[in-house]
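*Asks:* This is run.cif, which holds mmCIF, C-alpha atoms:
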```cif
data_my_file
#
loop_
_atom_site.label_atom_id
_atom_site.label_comp_id
_atom_site.auth_asym_id
_atom_site.auth_seq_id
_atom_site.Cartn_x
_atom_site.Cartn_y
_atom_site.Cartn_z
CA MET A 1 13.31 6.29 9.68
CA ALA A 2 10.60 6.51 7.04
CA LYS A 3 7.08 5.37 7.83
CA ALA A 4 4.49 4.28 5.29
CA GLU A 5 1.66 6.80 5.55
CA LYS A 6 -1.74 7.12 3.89
CA PRO A 7 -2.55 8.42 1.35
CA PHE A 8 0.49 8.56 -0.91
CA LEU A 9 1.71 9.33 -4.41
CA VAL A 10 4.59 7.56 -6.17
CA VAL A 11 6.50 9.77 -8.60
CA ASN A 12 8.44 7.21 -10.62
CA PRO A 13 10.63 8.69 -13.40
CA LYS A 14 12.38 5.29 -13.79
CA SER A 15 15.57 6.02 -15.77
CA TYR A 16 14.08 8.70 -18.02
CA LEU A 17 15.46 11.35 -15.66
CA TYR A 18 18.83 11.47 -13.94
CA GLY A 19 21.18 14.03 -12.42
CA ASN A 20 19.94 17.63 -12.49
CA ALA A 21 16.72 16.77 -14.34
CA SER A 22 15.82 14.24 -11.66
CA LEU A 23 16.73 16.72 -8.92
CA GLU A 24 14.54 19.43 -10.47
CA LEU A 25 11.42 17.23 -10.39
CA ALA A 26 12.35 15.96 -6.92
CA LYS A 27 12.47 19.53 -5.60
CA ALA A 28 9.09 20.30 -7.15
CA SER A 29 7.67 17.12 -5.61
CA ASP A 30 9.18 18.10 -2.27
CA GLN A 31 7.29 21.38 -2.33
CA VAL A 32 4.06 19.56 -3.19
CA ALA A 33 4.57 17.07 -0.35
CA ARG A 34 5.00 19.96 2.09
CA GLU A 35 2.07 22.05 0.83
CA VAL A 36 -0.49 19.31 0.09
CA GLY A 37 0.49 17.22 3.08
CA ILE A 38 0.65 13.68 1.69
CA GLN A 39 3.55 11.27 1.46
CA ILE A 40 5.31 11.34 -1.90
CA TYR A 41 7.73 8.56 -2.81
CA PHE A 42 10.27 9.71 -5.38
CA THR A 43 12.26 7.07 -7.24
CA CYS A 44 15.60 7.78 -8.87
CA PRO A 45 18.70 6.01 -10.20
CA TYR A 46 21.03 4.72 -7.48
CA ALA A 47 23.70 7.32 -8.28
CA ASP A 48 21.23 10.18 -7.64
CA ILE A 49 19.94 9.06 -4.24
CA ARG A 50 22.39 11.10 -2.16
CA LEU A 51 22.02 14.19 -4.38
CA ILE A 52 18.25 14.16 -4.02
CA LYS A 53 18.20 13.29 -0.34
CA GLU A 54 20.57 16.15 0.53
CA ASN A 55 18.45 18.68 -1.39
CA THR A 56 14.93 17.76 -0.24
CA GLN A 57 13.10 17.51 3.08
CA TYR A 58 9.57 16.17 2.61
CA ILE A 59 9.66 13.47 -0.08
CA THR A 60 10.59 9.87 0.69
CA VAL A 61 13.54 8.99 -1.53
CA CYS A 62 13.00 5.56 -3.04
CA ALA A 63 15.58 3.22 -4.59
CA GLN A 64 14.56 1.36 -7.74
CA SER A 65 15.53 -2.06 -6.31
CA LEU A 66 18.08 -3.83 -4.11
CA ASP A 67 19.65 -7.25 -3.77
CA PRO A 68 19.42 -9.45 -0.66
CA LEU A 69 23.11 -9.42 0.22
CA THR A 70 25.03 -8.26 3.26
CA PRO A 71 28.31 -6.29 3.33
CA GLY A 72 31.13 -8.38 1.88
CA ARG A 73 31.20 -10.19 -1.43
CA GLY A 74 28.65 -9.34 -4.10
CA MET A 75 30.45 -7.45 -6.85
CA GLY A 76 27.99 -5.70 -9.16
CA HIS A 77 24.96 -6.28 -6.94
CA VAL A 78 23.05 -3.56 -5.08
CA LEU A 79 23.94 -3.55 -1.39
CA PRO A 80 20.98 -2.44 0.80
CA GLU A 81 23.26 -0.75 3.34
CA SER A 82 24.76 1.44 0.59
CA LEU A 83 21.30 2.65 -0.41
CA LYS A 84 20.34 3.40 3.17
CA GLU A 85 23.62 5.23 3.78
CA ALA A 86 23.03 7.36 0.67
CA GLY A 87 19.59 8.40 1.94
CA ALA A 88 17.07 5.95 0.49
CA GLU A 89 14.17 5.40 2.89
CA ALA A 90 12.12 3.14 0.63
CA VAL A 91 12.67 0.61 -2.13
CA PHE A 92 10.77 -0.72 -5.14
CA LEU A 93 10.89 -4.47 -5.64
CA ASN A 94 9.71 -6.87 -8.36
CA HIS A 95 8.80 -4.25 -10.96
CA ALA A 96 7.86 -5.70 -14.35
CA GLU A 97 11.11 -4.24 -15.73
CA ASN A 98 13.17 -5.85 -12.96
CA PRO A 99 11.34 -8.93 -11.63
CA LYS A 100 12.67 -11.18 -8.87
CA MET A 101 12.40 -14.89 -8.20
CA LEU A 102 10.20 -15.70 -5.20
CA ALA A 103 13.06 -16.57 -2.81
CA ASP A 104 15.02 -13.44 -3.76
CA LEU A 105 11.95 -11.25 -3.39
CA TYR A 106 11.23 -12.46 0.12
CA ALA A 107 14.90 -12.15 1.12
CA SER A 108 14.98 -8.61 -0.31
CA ILE A 109 11.89 -7.59 1.67
CA CYS A 110 13.50 -8.98 4.83
CA ARG A 111 16.77 -7.14 4.20
CA ALA A 112 14.93 -3.86 3.60
CA LYS A 113 12.99 -4.34 6.84
CA GLU A 114 16.23 -4.85 8.75
CA LEU A 115 17.24 -1.37 7.62
CA ASP A 116 13.82 0.21 8.34
CA MET A 117 13.19 0.90 4.65
CA VAL A 118 9.62 1.05 3.32
CA THR A 119 9.01 -1.80 0.86
CA ILE A 120 6.91 -1.18 -2.27
CA VAL A 121 6.39 -4.49 -4.06
CA CYS A 122 4.84 -4.97 -7.50
CA ALA A 123 2.43 -7.74 -8.49
CA ASP A 124 0.89 -8.21 -11.93
CA SER A 125 -2.34 -9.95 -10.88
CA THR A 126 -4.67 -10.36 -7.94
CA THR A 127 -3.30 -13.86 -7.38
CA GLU A 128 0.30 -12.64 -7.23
CA ALA A 129 -0.73 -9.73 -5.02
CA LYS A 130 -2.24 -12.18 -2.51
CA ALA A 131 0.97 -14.21 -2.49
CA VAL A 132 3.10 -11.10 -1.99
CA ALA A 133 0.84 -9.97 0.86
CA LEU A 134 1.99 -13.02 2.82
CA MET A 135 5.54 -11.62 2.66
CA ASP A 136 4.33 -8.58 4.63
CA PRO A 137 5.66 -5.63 2.59
CA ASN A 138 4.44 -2.12 3.39
CA ILE A 139 2.81 -1.47 0.01
CA ILE A 140 1.71 -3.75 -2.82
CA ILE A 141 1.35 -2.27 -6.29
CA ALA A 142 -1.21 -4.42 -8.05
CA GLU A 143 -0.82 -3.45 -11.68
CA PRO A 144 -1.72 -5.47 -14.76
CA THR A 145 1.55 -5.45 -16.73
CA ASP A 146 -0.23 -5.08 -20.06
CA LEU A 147 -1.62 -1.69 -18.98
CA ILE A 148 1.74 -0.12 -18.10
CA GLY A 149 2.29 2.99 -20.21
CA THR A 150 -1.02 2.66 -22.06
CA GLY A 151 -2.87 5.56 -20.45
CA GLN A 152 -5.68 3.16 -19.55
CA ILE A 153 -6.34 2.27 -15.92
CA ALA A 154 -7.81 -1.01 -14.70
CA ASP A 155 -11.58 -1.28 -14.48
CA ASP A 156 -13.44 -0.68 -11.23
CA SER A 157 -14.16 -4.36 -10.61
CA TYR A 158 -10.44 -5.23 -10.78
CA MET A 159 -9.53 -2.39 -8.42
CA ILE A 160 -12.22 -3.17 -5.85
CA GLU A 161 -11.64 -6.93 -5.87
CA THR A 162 -7.85 -6.67 -5.73
CA VAL A 163 -7.90 -4.27 -2.79
CA LYS A 164 -10.39 -6.54 -1.03
CA GLN A 165 -8.24 -9.65 -1.56
CA ILE A 166 -5.01 -7.97 -0.41
CA ARG A 167 -6.64 -6.68 2.77
CA LYS A 168 -8.17 -10.11 3.40
CA VAL A 169 -4.75 -11.78 3.30
CA ASN A 170 -2.91 -9.04 5.20
CA PRO A 171 -4.78 -6.00 6.56
CA ASN A 172 -1.48 -4.31 7.42
CA VAL A 173 -0.47 -3.95 3.77
CA GLN A 174 -1.33 -0.73 1.94
CA PRO A 175 -2.79 -1.62 -1.49
CA MET A 176 -1.86 0.53 -4.46
CA ILE A 177 -3.45 0.25 -7.90
CA ALA A 178 -1.37 1.57 -10.79
CA SER A 179 -0.72 0.95 -14.53
CA GLY A 180 -1.96 3.38 -17.15
CA VAL A 181 -2.37 6.26 -14.69
CA SER A 182 -2.03 9.55 -16.54
CA THR A 183 -4.30 12.21 -15.00
CA ALA A 184 -5.41 13.56 -11.65
CA ASP A 185 -8.86 12.14 -12.41
CA ASP A 186 -7.33 8.65 -12.72
CA CYS A 187 -5.74 9.11 -9.30
CA TYR A 188 -9.05 10.24 -7.80
CA LYS A 189 -10.93 7.22 -9.19
CA ILE A 190 -8.31 4.73 -8.02
CA VAL A 191 -8.14 6.02 -4.45
CA LYS A 192 -11.93 6.41 -4.27
CA ALA A 193 -12.17 2.71 -5.25
CA GLY A 194 -10.12 1.68 -2.21
CA SER A 195 -6.44 2.10 -3.03
CA ASP A 196 -4.34 3.91 -0.43
CA GLY A 197 -2.32 5.59 -3.16
CA THR A 198 -1.19 5.47 -6.75
CA GLY A 199 1.53 6.80 -9.03
CA CYS A 200 2.93 6.81 -12.52
CA THR A 201 5.76 7.58 -14.89
CA SER A 202 4.61 8.74 -18.34
CA GLY A 203 1.53 10.51 -17.00
CA ILE A 204 3.85 12.87 -15.13
CA LEU A 205 6.82 13.08 -17.49
CA ASN A 206 4.68 13.64 -20.62
CA ALA A 207 2.59 16.37 -19.03
CA PRO A 208 3.11 19.97 -20.27
CA SER A 209 4.33 20.72 -16.73
CA PRO A 210 5.43 17.61 -14.79
CA ALA A 211 5.63 19.65 -11.58
CA LEU A 212 2.04 20.85 -11.98
CA ARG A 213 0.88 17.31 -12.77
CA VAL A 214 2.46 16.05 -9.52
CA ARG A 215 0.54 18.73 -7.62
CA GLU A 216 -2.76 17.93 -9.37
CA MET A 217 -2.35 14.22 -8.64
CA ALA A 218 -1.42 14.77 -5.00
CA GLU A 219 -4.45 17.01 -4.46
CA ALA A 220 -6.77 14.51 -6.15
CA ILE A 221 -5.42 11.63 -4.06
CA LYS A 222 -5.87 13.56 -0.83
CA LYS A 223 -9.41 14.64 -1.79
CA ALA A 224 -10.46 11.09 -2.73
CA TYR A 225 -8.92 9.58 0.40
CA ILE A 226 -10.67 12.05 2.71
CA GLU A 227 -14.02 11.47 0.98
CA ARG A 228 -13.61 7.68 1.06
CA THR A 229 -12.59 7.44 4.71
CA GLU A 230 -15.35 9.81 5.79
CA SER A 231 -17.94 7.68 3.98
CA GLU A 232 -16.51 4.50 5.54
CA ASN A 233 -16.88 6.00 8.99
#
```
Written as structure tokens, how would this file's structure read?

*Replies:*
Amino acid sequence: MAKAEKPFLVVNPKSYLYGNASLELAKASDQVAREVGIQIYFTCPYADIRLIKENTQYITVCAQSLDPLTPGRGMGHVLPESLKEAGAEAVFLNHAENPKMLADLYASICRAKELDMVTIVCADSTTEAKAVALMDPNIIIAEPTDLIGTGQIADDSYMIETVKQIRKVNPNVQPMIASGVSTADDCYKIVKAGSDGTGCTSGILNAPSPALRVREMAEAIKKAYIERTESEN
């Protein structure tokens, strides 16, 4: 059973990588998770979940979504039990590229919880993040949709206020600020501002060495988290 730990990095290749290319980055991320000592969520296409799970030990394999159905009818939908059986220990929900209606989102979170899967839920504003916090997911990604893929992170005031509002609604939720993350320095700034983790897609995949970029980001996140928690205490 996977447990949501702090701090964390989300390596999210979306559907840019699949098969052996996805496995190669997953293995590199697995080594980083072991050596740096932080939780790394690795997303992959549904068909690659078992391949990656069987060839890694330290990353948390994360499905890209699921549907709130139970075994039986549901042709063409994504059965949560099938993901769990294949080795997924976490799931993304409500990403800007695959949004859910409110009722489906809540039902999906509940279904994932029934299977002890970590829930990572996206919100595109502070207001939506507060609403999602009431649904009690493990992690909320508060990312302004218009910054996705731009290489520009949200300003400090947005990060600080959003984290504050999420924790006010539900202190058990781990806030994550994302969108536009491309460098280790971005990761450091975000976690130092209060986020429990961050992650990206293009910032890793477009790097000269994606594996090295994962390591740099993981190290920056751990450094920022240690410094922040020490100052808070």

*Asks:* For Asn98 of chain A, please output as a VMD selection string all residues within 12 Å (counting all atoms listed in the file; exclusion window: fewer than 3 positions along the same chain).

*Replies:* chain A and resid 14 64 to 67 92 to 95 101 105 121 to 123

*Asks:* Go ahead and save the residues from that selection, with C-alpha atoms, as a compact mmCIF listing (two decimals), keeping the file's coordinate frame.

*Replies:*
```txt
# COMPACT_ATOMS: atom_id res chain seq x y z
CA LYS A 14 12.38 5.29 -13.79
CA GLN A 64 14.56 1.36 -7.74
CA SER A 65 15.53 -2.06 -6.31
CA LEU A 66 18.08 -3.83 -4.11
CA ASP A 67 19.65 -7.25 -3.77
CA PHE A 92 10.77 -0.72 -5.14
CA LEU A 93 10.89 -4.47 -5.64
CA ASN A 94 9.71 -6.87 -8.36
CA HIS A 95 8.80 -4.25 -10.96
CA MET A 101 12.40 -14.89 -8.20
CA LEU A 105 11.95 -11.25 -3.39
CA VAL A 121 6.39 -4.49 -4.06
CA CYS A 122 4.84 -4.97 -7.50
CA ALA A 123 2.43 -7.74 -8.49
```

*Asks:* Expand the PyMOL selection byres ((chain A and resi 70-82) around 10) into the individual residues it matches in the shown file, reporting them as a PDB file with C-alpha atoms, in the coordinates of the input.

*Replies:*
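Result saved to expr-v7.pdb:
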```
ATOM      1  CA  TYR A  46      21.030   4.720  -7.480  1.00  0.00           C
ATOM      2  CA  ALA A  63      15.580   3.220  -4.590  1.00  0.00           C
ATOM      3  CA  SER A  65      15.530  -2.060  -6.310  1.00  0.00           C
ATOM      4  CA  LEU A  66      18.080  -3.830  -4.110  1.00  0.00           C
ATOM      5  CA  ASP A  67      19.650  -7.250  -3.770  1.00  0.00           C
ATOM      6  CA  PRO A  68      19.420  -9.450  -0.660  1.00  0.00           C
ATOM      7  CA  LEU A  69      23.110  -9.420   0.220  1.00  0.00           C
ATOM      8  CA  LEU A  83      21.300   2.650  -0.410  1.00  0.00           C
ATOM      9  CA  LYS A  84      20.340   3.400   3.170  1.00  0.00           C
ATOM     10  CA  GLU A  85      23.620   5.230   3.780  1.00  0.00           C
ATOM     11  CA  ALA A  86      23.030   7.360   0.670  1.00  0.00           C
ATOM     12  CA  GLY A  87      19.590   8.400   1.940  1.00  0.00           C
ATOM     13  CA  ALA A  88      17.070   5.950   0.490  1.00  0.00           C
ATOM     14  CA  VAL A  91      12.670   0.610  -2.130  1.00  0.00           C
ATOM     15  CA  SER A 108      14.980  -8.610  -0.310  1.00  0.00           C
ATOM     16  CA  ARG A 111      16.770  -7.140   4.200  1.00  0.00           C
ATOM     17  CA  ALA A 112      14.930  -3.860   3.600  1.00  0.00           C
ATOM     18  CA  GLU A 114      16.230  -4.850   8.750  1.00  0.00           C
ATOM     19  CA  LEU A 115      17.240  -1.370   7.620  1.00  0.00           C
ATOM     20  CA  MET A 117      13.190   0.900   4.650  1.00  0.00           C
TER      21      MET A 117
END
```

*Asks:* Find the residue from A:Thr60, A:Val118, A:Asn55, A:Val181 that sits nearest to Asn206 of chain A; use all atoms listed in the file when measuring.

*Replies:* A:Val181

*Asks:* For each of A:Ser125, A:Asn172, A:Ser195, A:Gln57, take the minimum atom-to-atom distance to Pro137 of chain A, counting only C-alpha atoms, then give the residue where this is smallest.

*Replies:* A:Asn172

*Asks:* Please, what distance in Å, to one decimal, runs between atom CA of Ala211 of chain A and atom CA of Thr183 of chain A?

*Replies:*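 Taking atom CA of Ala211 of chain A as the start and atom CA of Thr183 of chain A as the end point, the length is 12.9 Å.
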
*Asks:* Just checking: using all atoms listed in the file, which residue out of A:Ser231, A:Glu35, A:Met159, A:Asp196 ends up closest to Ile139 of chain A?

*Replies:*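 Closest candidate: A:Asp196.
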
*Asks:* Find the spatial neighbours of Val36 of chain A, counting all atoms listed in the file, within a cut-off of 8 Å - ignore same-chain residues fewer than 3 positions away - and output them as a PDB file with C-alpha atoms, keeping the file's coordinate frame.

*Replies:*
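What follows is the written file selection.pdb:
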```
ATOM      1  CA  VAL A  32       4.060  19.560  -3.190  1.00  0.00           C
ATOM      2  CA  ALA A  33       4.570  17.070  -0.350  1.00  0.00           C
ATOM      3  CA  ARG A 215       0.540  18.730  -7.620  1.00  0.00           C
ATOM      4  CA  ALA A 218      -1.420  14.770  -5.000  1.00  0.00           C
ATOM      5  CA  GLU A 219      -4.450  17.010  -4.460  1.00  0.00           C
ATOM      6  CA  LYS A 222      -5.870  13.560  -0.830  1.00  0.00           C
TER       7      LYS A 222
END
```

*Asks:* Which distance in Å separates atom CA of Lys53 of chain A and atom CA of Met217 of chain A, to one decimal?

*Replies:* 22.2 Å

*Asks:* For a quick check of understanding, using only C-alpha atoms, which of A:Thr127, A:Gln174, A:Thr56, A:Thr201 has the smallest distance to Glu5 of chain A?

*Replies:* A:Gln174

*Asks:* Can you tell me how far atom CA of Ala26 of chain A sits from atom CA of Thr198 of chain A, in Å to one decimal?

*Replies:*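 According to the coordinates, atom CA of Ala26 of chain A and atom CA of Thr198 of chain A are separated by 17.1 Å.
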
*Asks:* Determine the nearest neighbour of Leu25 of chain A from the options A:Lys113, A:Thr119, A:Ile141, A:Val214, counting only C-alpha atoms.

*Replies:*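 Of all the options, A:Val214 lies closest to Leu25 of chain A.
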